[in-house]
Amino acid sequence: MLPANAPRLAALGCALLCLAAAGCDVKTSDRDLVYLDPPGAVEQLNQRGGMFEKKRLGAWMDPRPPAKYAEGHIKGAINVPLMEEMEVARARLAGYDLVVVYGEGFQDPVAKAATKKLMEAGFKKDSVFVMEGGLRAWQKDGYAVVTGSLPDGGEPKAAEAPKAPGGVEVPEQGAK
């Protein structure tokens, strides 16, 4: 026979379990990070799937601010500044199932934080890596960087000036 307060204890236990589950976020630490040197990162991104495996689609991710990205980045790298919302990161990395994050140099806190954010957002731990040494190690190992705000280097072409109805050109704001 159950004690008289058993239903209350069961309800309390259930409530505590629900609170614990609701309050638990995916947390990561530096121990969860997997580091690759530049040649290892290149190898990981160029790895072919097995005969019956789907080839993984990989991307370089640069979490630095856009100005630093434009000064120099790995060709093809996607700029997802650390301070942007995770929805932006998910949209820019949609379709990729392997991501190598790099920063400026060794023990870069921005690269580490961005990698952790990706893991906490649902990217699998075995598909997100930190490139050890960042751009400094990349260049020291003889790999090239490109400049500009586009992933392959350079700047976007200037858009044509908007035209008013009737084909008359509208001057740009602030143009002298």
# chains A, B, ... in the order shown; residues from 1 in each chain; ligands from 1
call {"tool": "closest_atom_pairs", "arguments": {"of": "stretch 27-89 of chain A", "to": "stretch 103-116 of chain A", "cutoff": "7 Å", "atoms": "only C-alpha atoms", "output": "tab-separated table"}}
result
residue	atom	partner	partner_atom	distance
A:Thr28	CA	A:Lys116	CA	6.0
A:Asp62	CA	A:Gly103	CA	6.5
A:Pro63	CA	A:Ala111	CA	6.4
A:Arg64	CA	A:Gly103	CA	6.7
A:Leu82	CA	A:Ala114	CA	5.8
call {"tool": "write_last_selection", "arguments": {"atoms": "N, CA and C atoms", "output": "CSV table (one decimal), in the first residue's frame"}}
result
chain,number,residue,atom,x,y,z
A,28,THR,N,28.4,23.7,-24.2
A,28,THR,CA,29.7,23.1,-24.7
A,28,THR,C,30.8,23.8,-23.9
A,62,ASP,N,34.3,32.0,-41.4
A,62,ASP,CA,35.1,33.1,-40.8
A,62,ASP,C,34.1,33.9,-39.9
A,63,PRO,N,34.3,33.8,-38.6
A,63,PRO,CA,33.4,34.5,-37.7
A,63,PRO,C,33.9,35.9,-37.3
A,64,ARG,N,34.9,36.4,-38.0
A,64,ARG,CA,35.4,37.8,-37.7
A,64,ARG,C,34.5,38.8,-38.2
A,82,LEU,N,30.5,36.6,-35.5
A,82,LEU,CA,30.1,36.0,-34.2
A,82,LEU,C,28.9,36.6,-33.6
call {"tool": "select_by_dssp", "arguments": {"residues": "stretch 14-140 of chain A", "states": "helix (DSSP H, G or I)", "output": "PyMOL selection string"}}
result
chain A and resi 14-23+30-32+38-46+66-71+86-92+109-120+125-127+134-140
call {"tool": "atom_distance", "arguments": {"atom1": "atom CA of A:Glu132", "atom2": "atom CA of A:Arg90"}}
result
23.1 Å
call {"tool": "residues_around", "arguments": {"residues": "stretch 39-41 of chain A", "least_positions_apart": "6", "cutoff": "9 Å", "atoms": "only C-alpha atoms", "output": "VMD selection string"}}
result
chain A and resid 100 129 to 131 138 141
call {"tool": "closest_residue", "arguments": {"among": "A:Glu87, A:Leu33, A:Arg136, A:Arg92", "to": "A:Lys124", "atoms": "only C-alpha atoms"}}
result
A:Leu33
call {"tool": "closest_residue", "arguments": {"among": "A:Ala89, A:Leu57, A:Leu36, A:Val101", "to": "A:Ala77", "atoms": "only C-alpha atoms"}}
result
A:Val101
call {"tool": "closest_residue", "arguments": {"among": "A:Val145, A:Leu98, A:Ala91, A:Leu150", "to": "A:Ser127", "atoms": "only C-alpha atoms"}}
result
A:Leu98
call {"tool": "atom_distance", "arguments": {"atom1": "atom CA of A:Asp97", "atom2": "atom CA of A:Asp32"}}
result
17.7 Å
call {"tool": "closest_residue", "arguments": {"among": "A:Lys140, A:Lys117, A:Lys54, A:His73", "to": "A:Asp30", "atoms": "only C-alpha atoms"}}
result
A:Lys117
call {"tool": "closest_residue", "arguments": {"among": "A:Gly95, A:Gly153, A:Gly134, A:Gly72", "to": "A:Ala59", "atoms": "only C-alpha atoms"}}
result
A:Gly95
